[in-house]
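Undergrad: Contents of my_file.csv (CSV, C-alpha atoms):
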chain,number,residue,atom,x,y,z
A,949,MET,CA,0.0,0.0,0.0
A,950,TRP,CA,1.2,3.5,-0.7
A,951,SER,CA,-0.1,7.0,0.1
A,952,ARG,CA,-1.7,9.5,-2.2
A,953,ASP,CA,-2.8,13.1,-1.4
A,954,ILE,CA,-6.2,13.9,-2.7
A,955,GLY,CA,-7.9,17.4,-2.7
A,956,ILE,CA,-11.7,17.5,-3.2
A,957,ASP,CA,-14.1,20.3,-3.9
A,958,LEU,CA,-17.3,18.7,-2.7
A,959,GLY,CA,-19.6,21.1,-4.5
A,960,THR,CA,-23.4,21.1,-4.5
A,961,ALA,CA,-23.4,21.0,-8.3
A,962,THR,CA,-20.0,19.5,-9.2
A,963,VAL,CA,-17.3,17.5,-7.5
A,964,ILE,CA,-13.7,18.3,-8.6
A,965,VAL,CA,-10.8,16.1,-7.5
A,966,PHE,CA,-7.2,17.2,-7.4
A,967,ILE,CA,-4.3,14.7,-7.0
A,968,LYS,CA,-0.8,15.9,-6.2
A,969,GLY,CA,1.5,15.7,-9.2
A,970,LYS,CA,-1.4,15.2,-11.6
A,971,GLY,CA,-3.6,18.3,-11.1
A,972,VAL,CA,-7.4,18.1,-11.6
A,973,VAL,CA,-8.2,14.5,-12.6
A,974,LEU,CA,-12.0,14.5,-12.2
A,975,ARG,CA,-14.9,16.8,-12.7
A,976,GLU,CA,-18.3,15.2,-12.3
A,977,PRO,CA,-21.8,16.4,-11.4
A,978,SER,CA,-22.9,15.7,-7.8
A,979,VAL,CA,-25.7,13.3,-8.8
A,980,VAL,CA,-26.5,9.7,-8.0
A,981,ALA,CA,-29.2,7.7,-9.9
A,982,LEU,CA,-31.0,5.1,-7.7
A,983,ASP,CA,-33.6,2.4,-8.5
A,984,GLN,CA,-36.1,2.8,-5.7
A,985,ASN,CA,-37.6,-0.7,-6.2
A,986,THR,CA,-34.3,-2.5,-5.7
A,987,GLY,CA,-32.2,0.1,-3.9
A,988,LYS,CA,-29.5,-0.4,-6.5
A,989,ILE,CA,-27.2,2.5,-7.5
A,990,LEU,CA,-27.5,2.8,-11.3
A,991,SER,CA,-24.9,5.5,-12.0
A,992,VAL,CA,-23.0,8.3,-10.5
A,993,GLY,CA,-21.9,11.7,-11.8
A,994,GLU,CA,-22.3,12.7,-15.5
A,995,ASP,CA,-24.3,9.5,-16.4
A,996,ALA,CA,-26.7,10.2,-13.5
A,997,LYS,CA,-27.1,13.9,-14.3
A,998,VAL,CA,-28.6,13.2,-17.8
A,999,MET,CA,-31.3,11.2,-16.0
A,1000,ILE,CA,-32.7,14.3,-14.1
A,1001,GLY,CA,-36.2,14.9,-15.3
A,1002,ARG,CA,-36.1,11.9,-17.7
A,1003,THR,CA,-36.4,8.9,-15.5
A,1004,PRO,CA,-39.3,6.4,-15.1
A,1005,GLY,CA,-41.1,6.3,-11.7
A,1006,ASN,CA,-38.8,3.8,-10.1
A,1007,VAL,CA,-35.6,5.6,-10.9
A,1008,VAL,CA,-34.7,8.8,-9.1
A,1009,ALA,CA,-31.7,11.2,-9.7
A,1010,ILE,CA,-30.6,12.3,-6.2
A,1011,ARG,CA,-28.4,15.3,-5.5
A,1012,PRO,CA,-26.9,14.4,-2.1
A,1013,LEU,CA,-25.5,17.8,-1.4
A,1014,ARG,CA,-27.6,20.9,-0.8
A,1015,ASP,CA,-26.4,24.4,0.0
A,1016,GLY,CA,-22.8,23.2,0.1
A,1017,VAL,CA,-23.3,20.5,2.8
A,1018,ILE,CA,-24.4,16.9,3.0
A,1019,ALA,CA,-28.1,16.4,2.8
A,1020,ASP,CA,-28.0,12.6,2.2
A,1021,TYR,CA,-25.1,11.0,4.0
A,1022,THR,CA,-25.4,7.5,2.4
A,1023,MET,CA,-25.6,8.8,-1.1
A,1024,THR,CA,-22.7,11.2,-0.5
A,1025,GLU,CA,-20.6,8.3,0.7
A,1026,VAL,CA,-21.5,6.2,-2.4
A,1027,MET,CA,-20.7,9.1,-4.7
A,1028,LEU,CA,-17.3,9.8,-3.0
A,1029,ARG,CA,-16.4,6.1,-3.1
A,1030,GLU,CA,-17.1,5.9,-6.8
A,1031,PHE,CA,-15.2,9.1,-7.7
A,1032,ILE,CA,-12.1,8.1,-5.6
A,1033,LYS,CA,-12.2,4.6,-7.2
A,1034,LYS,CA,-12.2,6.3,-10.6
A,1035,VAL,CA,-9.2,8.5,-9.9
A,1036,THR,CA,-7.2,5.7,-8.2
A,1037,SER,CA,-7.9,3.4,-11.2
A,1038,GLY,CA,-10.1,1.1,-9.0
A,1039,MET,CA,-7.1,-0.1,-7.0
A,1040,GLU,CA,-8.7,-1.1,-3.7
A,1041,ARG,CA,-5.4,-1.5,-1.9
A,1042,ILE,CA,-4.7,2.3,-2.1
A,1043,VAL,CA,-6.2,3.2,1.3
A,1044,ARG,CA,-3.6,5.3,2.9
A,1045,HIS,CA,-4.4,8.5,1.1
A,1046,ARG,CA,-4.8,11.8,2.9
A,1047,VAL,CA,-7.9,13.7,1.8
A,1048,MET,CA,-8.5,17.5,2.1
A,1049,ILE,CA,-12.1,18.6,1.4
A,1050,GLY,CA,-13.5,22.2,1.1
A,1051,VAL,CA,-16.6,23.1,3.1
A,1052,PRO,CA,-18.5,26.4,3.2
A,1053,ALA,CA,-17.2,28.9,5.8
A,1054,GLY,CA,-20.6,28.9,7.5
A,1055,ALA,CA,-20.9,25.1,7.9
A,1056,THR,CA,-21.7,24.0,11.4
A,1057,ASP,CA,-19.6,21.5,13.5
A,1058,VAL,CA,-22.2,18.8,12.8
A,1059,GLU,CA,-22.0,19.4,9.0
A,1060,ARG,CA,-18.2,19.4,9.2
A,1061,ARG,CA,-18.2,16.1,11.1
A,1062,ALA,CA,-20.4,14.5,8.5
A,1063,VAL,CA,-18.0,15.4,5.8
A,1064,LEU,CA,-15.0,14.1,7.7
A,1065,GLU,CA,-16.8,10.8,8.6
A,1066,ALA,CA,-17.8,10.3,4.9
A,1067,ALA,CA,-14.1,10.8,3.9
A,1068,LEU,CA,-12.9,8.2,6.5
A,1069,GLU,CA,-15.6,5.8,5.4
A,1070,VAL,CA,-14.4,5.7,1.8
A,1071,GLY,CA,-10.9,4.8,2.9
A,1072,ALA,CA,-8.9,7.9,3.8
A,1073,LYS,CA,-6.3,7.4,6.5
A,1074,GLU,CA,-6.5,11.0,7.4
A,1075,ALA,CA,-9.2,13.6,6.5
A,1076,TYR,CA,-8.9,17.3,6.6
A,1077,LEU,CA,-11.4,20.2,6.0
A,1078,ILE,CA,-10.6,23.6,4.9
A,1079,GLU,CA,-13.1,26.5,4.5
A,1080,GLU,CA,-13.8,27.0,0.8
A,1081,PRO,CA,-13.0,30.8,0.6
A,1082,MET,CA,-9.5,30.0,2.1
A,1083,ALA,CA,-9.0,27.1,-0.4
A,1084,ALA,CA,-10.2,29.3,-3.2
A,1085,ALA,CA,-7.8,32.1,-2.2
A,1086,ILE,CA,-4.9,29.6,-2.1
A,1087,GLY,CA,-5.9,28.1,-5.4
A,1088,ALA,CA,-6.1,31.6,-7.0
A,1089,ASN,CA,-2.4,32.2,-5.8
A,1090,MET,CA,-3.4,34.9,-3.4
A,1091,PRO,CA,-0.7,35.6,-0.6
A,1092,VAL,CA,-3.0,34.4,2.2
A,1093,GLY,CA,-0.1,33.9,4.6
A,1094,ALA,CA,1.1,37.5,4.3
A,1095,PRO,CA,-0.1,40.3,6.6
A,1096,VAL,CA,-2.3,41.8,3.9
A,1097,GLY,CA,-6.0,41.7,3.2
A,1098,ASN,CA,-7.1,39.4,0.4
A,1099,MET,CA,-10.7,39.5,-0.6
A,1100,VAL,CA,-12.2,36.5,-2.3
A,1101,VAL,CA,-15.8,35.8,-3.4
A,1102,ASP,CA,-16.4,32.1,-4.2
A,1103,ILE,CA,-19.6,31.5,-6.0
A,1104,GLY,CA,-20.5,27.8,-6.1
A,1105,GLY,CA,-23.6,25.9,-6.9
A,1106,GLY,CA,-25.2,26.0,-3.4
A,1107,THR,CA,-23.3,28.7,-1.6
A,1108,THR,CA,-21.4,32.0,-2.0
A,1109,ASP,CA,-18.6,32.4,0.4
A,1110,ILE,CA,-17.2,36.0,0.8
A,1111,ALA,CA,-14.1,36.5,3.0
A,1112,ILE,CA,-11.1,38.6,3.9
A,1113,ALA,CA,-8.0,36.4,4.4
A,1114,SER,CA,-4.8,37.5,6.1
A,1115,LEU,CA,-2.0,35.7,7.9
A,1116,GLY,CA,-3.3,32.3,7.1
A,1117,GLY,CA,-6.8,32.7,8.4
A,1118,LEU,CA,-10.2,34.3,7.7
A,1119,VAL,CA,-10.6,37.6,9.4
A,1120,VAL,CA,-14.1,38.4,8.2
A,1121,PHE,CA,-16.4,36.1,6.3
A,1122,GLU,CA,-20.0,35.5,5.3
A,1123,SER,CA,-21.6,32.4,3.8
A,1124,LEU,CA,-24.7,32.9,1.7
A,1125,ARG,CA,-27.1,30.1,0.7
A,1126,VAL,CA,-27.1,31.6,-2.8
A,1127,GLY,CA,-25.3,30.2,-5.8
A,1128,GLY,CA,-25.7,28.7,-9.2
A,1129,ASP,CA,-28.7,26.6,-8.1
A,1130,LYS,CA,-30.6,29.7,-7.0
A,1131,PHE,CA,-29.9,31.3,-10.4
A,1132,ASP,CA,-31.3,28.2,-12.1
A,1133,GLU,CA,-34.4,28.3,-9.9
A,1134,ALA,CA,-34.9,32.0,-10.6
A,1135,ILE,CA,-34.8,31.3,-14.4
A,1136,VAL,CA,-37.4,28.5,-14.1
A,1137,ARG,CA,-39.7,30.8,-12.1
A,1138,TYR,CA,-39.2,33.7,-14.6
A,1139,MET,CA,-40.1,31.5,-17.6
A,1140,ARG,CA,-43.3,30.3,-15.9
A,1141,ARG,CA,-44.3,33.8,-14.9
A,1142,GLN,CA,-43.2,35.7,-18.1
A,1143,TYR,CA,-43.8,33.2,-20.8
A,1144,ASN,CA,-46.1,30.5,-19.3
A,1145,LEU,CA,-43.4,28.0,-20.1
A,1146,ALA,CA,-42.3,25.2,-17.8
A,1147,ILE,CA,-38.6,24.2,-18.2
A,1148,GLY,CA,-36.4,21.9,-16.2
A,1149,GLU,CA,-33.3,22.5,-14.1
A,1150,GLN,CA,-30.9,21.4,-16.9
A,1151,THR,CA,-32.5,23.7,-19.4
A,1152,ALA,CA,-32.2,26.6,-17.0
A,1153,GLU,CA,-28.6,25.8,-16.3
A,1154,GLU,CA,-27.8,25.6,-20.1
A,1155,VAL,CA,-29.5,29.0,-20.6
A,1156,LYS,CA,-27.5,30.5,-17.7
A,1157,LYS,CA,-24.2,29.3,-19.1
A,1158,THR,CA,-24.9,30.2,-22.7
A,1159,ILE,CA,-26.5,33.7,-22.5
A,1160,GLY,CA,-26.6,34.5,-18.7
A,1161,ALA,CA,-25.6,38.1,-17.8
A,1162,CYS,CA,-26.0,40.7,-15.1
A,1163,VAL,CA,-27.6,44.1,-15.6
A,1164,THR,CA,-25.0,46.8,-15.5
A,1165,THR,CA,-24.7,50.3,-17.0
A,1166,ALA,CA,-22.4,48.8,-19.6
A,1167,PHE,CA,-24.6,45.8,-20.4
A,1168,PRO,CA,-22.7,43.0,-22.2
A,1169,GLU,CA,-23.6,42.3,-25.8
A,1170,GLU,CA,-27.2,40.9,-26.0
A,1171,LYS,CA,-27.4,37.2,-27.0
A,1172,THR,CA,-30.4,35.1,-27.7
A,1173,MET,CA,-31.2,31.4,-27.4
A,1174,GLU,CA,-34.1,29.1,-28.3
A,1175,ILE,CA,-35.4,27.0,-25.5
A,1176,ARG,CA,-38.1,24.3,-25.3
A,1177,GLY,CA,-40.6,23.4,-22.6
A,1178,GLY,CA,-44.2,22.8,-21.8
A,1179,ASP,CA,-46.8,25.4,-22.4
A,1180,LEU,CA,-48.7,25.9,-19.1
A,1181,VAL,CA,-51.8,27.2,-20.9
A,1182,GLN,CA,-52.2,24.7,-23.8
A,1183,GLY,CA,-50.4,21.8,-22.2
A,1184,LEU,CA,-48.3,21.2,-25.3
A,1185,PRO,CA,-44.6,21.4,-26.0
A,1186,ARG,CA,-43.5,24.9,-27.1
A,1187,GLN,CA,-40.3,26.7,-28.3
A,1188,ILE,CA,-39.5,30.3,-27.6
A,1189,THR,CA,-36.6,32.7,-28.0
A,1190,VAL,CA,-35.1,34.3,-24.9
A,1191,SER,CA,-32.4,37.0,-24.6
A,1192,SER,CA,-29.7,37.8,-22.1
A,1193,VAL,CA,-31.9,40.7,-21.0
A,1194,ASP,CA,-34.5,38.1,-19.9
A,1195,ILE,CA,-31.9,36.1,-17.9
A,1196,ALA,CA,-30.5,39.3,-16.3
A,1197,ARG,CA,-33.9,40.2,-15.1
A,1198,ALA,CA,-34.6,36.6,-14.0
A,1199,ILE,CA,-31.5,36.3,-11.8
A,1200,GLU,CA,-31.5,39.9,-10.5
A,1201,ASP,CA,-32.6,39.0,-6.9
A,1202,PRO,CA,-29.9,36.4,-6.2
A,1203,VAL,CA,-27.2,38.5,-7.8
A,1204,LEU,CA,-28.2,41.5,-5.6
A,1205,SER,CA,-28.1,39.2,-2.6
A,1206,ILE,CA,-24.4,38.5,-3.4
A,1207,ILE,CA,-23.7,42.2,-3.9
A,1208,ALA,CA,-25.3,42.9,-0.5
A,1209,GLY,CA,-23.2,40.2,1.1
A,1210,ILE,CA,-20.0,41.7,-0.3
A,1211,LYS,CA,-20.9,45.1,1.1
A,1212,ARG,CA,-21.6,43.6,4.5
A,1213,VAL,CA,-18.2,42.0,4.6
A,1214,LEU,CA,-16.5,45.2,3.5
A,1215,GLU,CA,-18.4,47.1,6.3
A,1216,LYS,CA,-17.0,44.7,8.9
A,1217,THR,CA,-13.4,44.7,7.5
A,1218,PRO,CA,-10.8,46.4,9.7
A,1219,PRO,CA,-9.6,49.7,8.2
A,1220,GLU,CA,-6.0,48.5,7.4
A,1221,LEU,CA,-7.3,45.4,5.6
A,1222,ALA,CA,-9.9,47.4,3.8
A,1223,ALA,CA,-7.1,49.6,2.4
A,1224,ASP,CA,-5.4,46.5,1.2
A,1225,VAL,CA,-8.6,45.4,-0.6
A,1226,ILE,CA,-8.9,48.7,-2.3
A,1227,ASP,CA,-5.3,48.3,-3.6
A,1228,ARG,CA,-5.5,44.6,-4.4
A,1229,GLY,CA,-9.1,44.3,-5.6
A,1230,ILE,CA,-11.6,41.5,-5.2
A,1231,ILE,CA,-10.9,38.0,-6.7
A,1232,LEU,CA,-14.0,36.0,-8.0
A,1233,THR,CA,-13.8,32.2,-8.0
A,1234,GLY,CA,-16.2,29.4,-8.5
A,1235,GLY,CA,-18.4,28.5,-11.5
A,1236,GLY,CA,-20.6,31.5,-10.8
A,1237,ALA,CA,-17.7,33.9,-11.4
A,1238,TYR,CA,-18.1,33.3,-15.1
A,1239,LEU,CA,-21.5,35.0,-15.2
A,1240,ARG,CA,-21.1,37.8,-17.8
A,1241,GLY,CA,-21.1,41.3,-16.3
A,1242,LEU,CA,-20.8,40.2,-12.7
A,1243,ALA,CA,-17.3,41.6,-12.1
A,1244,ASP,CA,-18.4,44.9,-13.7
A,1245,LEU,CA,-21.5,45.0,-11.5
A,1246,ILE,CA,-19.4,44.5,-8.4
A,1247,ILE,CA,-17.1,47.3,-9.5
A,1248,GLU,CA,-20.1,49.6,-10.0
A,1249,GLU,CA,-21.6,48.8,-6.6
A,1250,THR,CA,-18.4,48.9,-4.5
A,1251,GLU,CA,-16.0,51.1,-6.5
A,1252,ILE,CA,-13.3,48.4,-6.0
A,1253,ASN,CA,-11.7,46.5,-8.9
A,1254,ALA,CA,-12.9,42.9,-9.3
A,1255,VAL,CA,-11.4,40.3,-11.5
A,1256,VAL,CA,-12.2,36.6,-12.3
A,1257,ALA,CA,-9.4,34.3,-11.2
A,1258,GLU,CA,-7.7,32.0,-13.7
A,1259,SER,CA,-9.4,28.6,-13.7
A,1260,ALA,CA,-12.0,30.1,-11.4
A,1261,ALA,CA,-14.1,27.0,-11.2
A,1262,GLU,CA,-11.2,24.9,-10.1
A,1263,CYS,CA,-9.7,27.2,-7.5
A,1264,VAL,CA,-11.2,25.4,-4.5
A,1265,ALA,CA,-10.0,22.0,-5.7
A,1266,LEU,CA,-6.5,23.4,-6.5
A,1267,GLY,CA,-6.4,25.1,-3.1
A,1268,THR,CA,-7.3,21.9,-1.2
A,1269,GLY,CA,-4.4,20.1,-3.0
A,1270,ILE,CA,-1.9,22.9,-2.3
A,1271,ALA,CA,-3.1,23.1,1.4
A,1272,LEU,CA,-2.1,19.5,2.0
A,1273,GLU,CA,1.5,20.5,1.2
A,1274,SER,CA,1.3,23.2,3.9
A,1275,LEU,CA,-0.6,21.4,6.7
A,1276,ASP,CA,1.7,22.4,9.5
A,1277,LYS,CA,1.3,26.1,8.8
A,1278,LEU,CA,-2.5,25.8,8.3
A,1279,LYS,CA,-2.8,23.9,11.6
A,1280,GLU,CA,-1.0,26.7,13.4
A,1281,THR,CA,-3.4,29.3,12.1
A,1282,GLY,CA,-6.5,27.1,12.8
A,1283,ALA,CA,-7.4,27.0,9.1
A,1284,VAL,CA,-8.1,23.3,9.0
A,1285,TYR,CA,-10.3,20.7,10.8
A,1286,SER,CA,-9.0,17.2,10.8
A,1287,ALA,CA,-9.8,13.6,11.7
A,1288,SER,CA,-8.0,10.2,11.4
A,1289,ARG,CA,-9.1,6.7,12.2
A,1290,ARG,CA,-7.9,7.4,15.7
A,1291,GLY,CA,-10.3,10.2,16.3
A,1292,TYR,CA,-11.1,13.8,15.6
A,1293,ARG,CA,-8.9,16.8,16.1
A,1294,TRP,CA,-10.9,19.9,15.8
A,1295,ARG,CA,-8.8,22.8,14.6
Can you turn what I pasted into structure tokens?
TA:
Amino acid sequence: MWSRDIGIDLGTATVIVFIKGKGVVLREPSVVALDQNTGKILSVGEDAKVMIGRTPGNVVAIRPLRDGVIADYTMTEVMLREFIKKVTSGMERIVRHRVMIGVPAGATDVERRAVLEAALEVGAKEAYLIEEPMAAAIGANMPVGAPVGNMVVDIGGGTTDIAIASLGGLVVFESLRVGGDKFDEAIVRYMRRQYNLAIGEQTAEEVKKTIGACVTTAFPEEKTMEIRGGDLVQGLPRQITVSSVDIARAIEDPVLSIIAGIKRVLEKTPPELAADVIDRGIILTGGGAYLRGLADLIIEETEINAVVAESAAECVALGTGIALESLDKLKETGAVYSASRRGYRWR
């Protein structure tokens, strides 16, 4: 048996796995397909996601993570086991790996313990947790160990974590239960209200990624897209054309919630660190960072420069992998929670 360090971004929408020396080796949707009649797991990840909204009555597509934390412990364990088996080539004897997992900054001790237990159950010798904004900042190559203020906004599928990091720890942070899923839900509601059209989650996500945008004074180039769904009046399938203006209006409320959260964190930031943020700007990470016009809207609302990090969607996974190489320093600053087969060591 031999050891292998694995970093995992256990996201509500997507699980990303990083292995030291190999980089990001897996990116799969956080979905498990289950046959309710037999209790058999049919598929996990991408194969399971395509089943959402398309399954017969006895098959359900389960998303075991909600709002960034475990909602279904058993399914999360099954999903993690399958993903780790994929990245370790199915070699069952590789059980001595150390695993680092990112969790929302606002996760409770009970939620953190559930994640640690799941990691140990799937074969990790030692499991560590790091708060996602810290992992995102590390993955974005921000100097989190230096005595300067680093502001990161990590927009995931279930949560948005906003934080100021300095000297290896989070000085101020806020975790919002707003993310890509809320954008999708808002688009579904808008289509029902505005066009009497029922669409599914996957269609909403595709629309968001293709033509999604935020309303700003310098609105991005308008794009259009044809979508299909069920007519709520006639009860028949129907196709319509929607624009990026439609999507900007649809997601306005969740976007403004994120802007309000950024302002609250800035209000609570100590003056010296606030000065650093003005100089260094705000770094956006997570899949939601790619939303067109979001950085421009943050600049408009805060008058602080905001940029999207390189490989923004992978920053948390990259940060978890890098953090495993600096465990001693992170333990000193209290940035990680840990557990081994011998018991828990909280911070």
Undergrad: Mind checking which residues fall within 9 Å of range 981-998 of chain A, counting only C-alpha atoms, ignoring those fewer than 3 positions away in the same chain, and posting them as a PyMOL selection string?
TA: chain A and resi 962-963+975-978+1001-1002+1005-1011+1026-1027+1030-1031+1150
Undergrad: Using all atoms listed in the file, which of the listed residues (A:Leu1232, A:Ile1103, A:Ala1196, A:Ile1175) sits closest to Ile1147 in chain A?
TA: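 Distance minimum relative to Ile1147 in chain A lands on A:Ile1175.
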Undergrad: So, with only C-alpha atoms as the atoms that count, which of A:Asp1224, A:Glu1074, A:Asp1179, A:Glu1025 lies closest to Ile1112 in chain A?
TA: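 Smallest distance to Ile1112 in chain A is found for A:Asp1224.
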Undergrad: Tell me, as a PyMOL selection string, which residues lie within 12 Å of Val1063 in chain A, counting all atoms listed in the file; anything in the same chain fewer than 3 positions away does not count.
TA: chain A and resi 956-959+1012-1013+1016-1022+1024-1025+1028+1047-1052+1055-1060+1066-1070+1072+1075-1078+1285-1287
Undergrad: Using Å and a single decimal, report how far CA of Val1255 in chain A sits from CA of Arg1014 in chain A.
TA: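 Atom-to-atom, CA of Arg1014 in chain A to CA of Val1255 in chain A, that is 27.4 Å.
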Undergrad: Mind checking which residues fall within 9 Å of Val1264 in chain A, counting all atoms listed in the file, ignoring those fewer than 3 positions away in the same chain, and posting them as number ranges by chain?
TA: A: 955-957, 964, 1050, 1080-1088, 1102, 1233-1234, 1260-1261, 1267-1269
Undergrad: To one decimal in Å, tell me the separation between CA of Ile1199 in chain A and CA of Cys1162 in chain A.
TA: 7.8 Å
Undergrad: For Pro1091 in chain A, which of A:Arg1228, A:Leu1239, A:Cys1263, A:Lys1034 is the closest residue, counting all atoms listed in the file?
TA: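 For Pro1091 in chain A, the nearest of the candidates is A:Arg1228.
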Undergrad: Residues near Asp953 in chain A, anyone? I mean within 7 Å using all atoms listed in the file, not counting same-chain ones fewer than 5 positions away, as a list in words.
TA: Ile967, Lys968, His1045, Arg1046 and Val1047 of chain A
Undergrad: Record the distance separating CA of Leu1204 in chain A and CA of Tyr1138 in chain A, expressed in Å with one decimal.
TA: 16.2 Å
Undergrad: Quick one: everything within 12 Å of Ala1111 in chain A, counting all atoms listed in the file, minus sequence neighbours fewer than 4 positions away in the same chain. Send it as a PyMOL selection string.
TA: chain A and resi 1052-1054+1079-1085+1092+1097-1103+1117-1124+1209-1217+1221-1222+1225+1230-1233
Undergrad: Can you spit out the residues from that selection as an mmCIF file, in the frame of the given file, using C-alpha atoms?
TA:
data_model
loop_
_atom_site.group_PDB
_atom_site.id
_atom_site.type_symbol
_atom_site.label_atom_id
_atom_site.label_comp_id
_atom_site.auth_asym_id
_atom_site.auth_seq_id
_atom_site.Cartn_x
_atom_site.Cartn_y
_atom_site.Cartn_z
ATOM 1 C CA PRO A 1052 -18.500 26.400 3.200
ATOM 2 C CA ALA A 1053 -17.200 28.900 5.800
ATOM 3 C CA GLY A 1054 -20.600 28.900 7.500
ATOM 4 C CA GLU A 1079 -13.100 26.500 4.500
ATOM 5 C CA GLU A 1080 -13.800 27.000 0.800
ATOM 6 C CA PRO A 1081 -13.000 30.800 0.600
ATOM 7 C CA MET A 1082 -9.500 30.000 2.100
ATOM 8 C CA ALA A 1083 -9.000 27.100 -0.400
ATOM 9 C CA ALA A 1084 -10.200 29.300 -3.200
ATOM 10 C CA ALA A 1085 -7.800 32.100 -2.200
ATOM 11 C CA VAL A 1092 -3.000 34.400 2.200
ATOM 12 C CA GLY A 1097 -6.000 41.700 3.200
ATOM 13 C CA ASN A 1098 -7.100 39.400 0.400
ATOM 14 C CA MET A 1099 -10.700 39.500 -0.600
ATOM 15 C CA VAL A 1100 -12.200 36.500 -2.300
ATOM 16 C CA VAL A 1101 -15.800 35.800 -3.400
ATOM 17 C CA ASP A 1102 -16.400 32.100 -4.200
ATOM 18 C CA ILE A 1103 -19.600 31.500 -6.000
ATOM 19 C CA GLY A 1117 -6.800 32.700 8.400
ATOM 20 C CA LEU A 1118 -10.200 34.300 7.700
ATOM 21 C CA VAL A 1119 -10.600 37.600 9.400
ATOM 22 C CA VAL A 1120 -14.100 38.400 8.200
ATOM 23 C CA PHE A 1121 -16.400 36.100 6.300
ATOM 24 C CA GLU A 1122 -20.000 35.500 5.300
ATOM 25 C CA SER A 1123 -21.600 32.400 3.800
ATOM 26 C CA LEU A 1124 -24.700 32.900 1.700
ATOM 27 C CA GLY A 1209 -23.200 40.200 1.100
ATOM 28 C CA ILE A 1210 -20.000 41.700 -0.300
ATOM 29 C CA LYS A 1211 -20.900 45.100 1.100
ATOM 30 C CA ARG A 1212 -21.600 43.600 4.500
ATOM 31 C CA VAL A 1213 -18.200 42.000 4.600
ATOM 32 C CA LEU A 1214 -16.500 45.200 3.500
ATOM 33 C CA GLU A 1215 -18.400 47.100 6.300
ATOM 34 C CA LYS A 1216 -17.000 44.700 8.900
ATOM 35 C CA THR A 1217 -13.400 44.700 7.500
ATOM 36 C CA LEU A 1221 -7.300 45.400 5.600
ATOM 37 C CA ALA A 1222 -9.900 47.400 3.800
ATOM 38 C CA VAL A 1225 -8.600 45.400 -0.600
ATOM 39 C CA ILE A 1230 -11.600 41.500 -5.200
ATOM 40 C CA ILE A 1231 -10.900 38.000 -6.700
ATOM 41 C CA LEU A 1232 -14.000 36.000 -8.000
ATOM 42 C CA THR A 1233 -13.800 32.200 -8.000
#
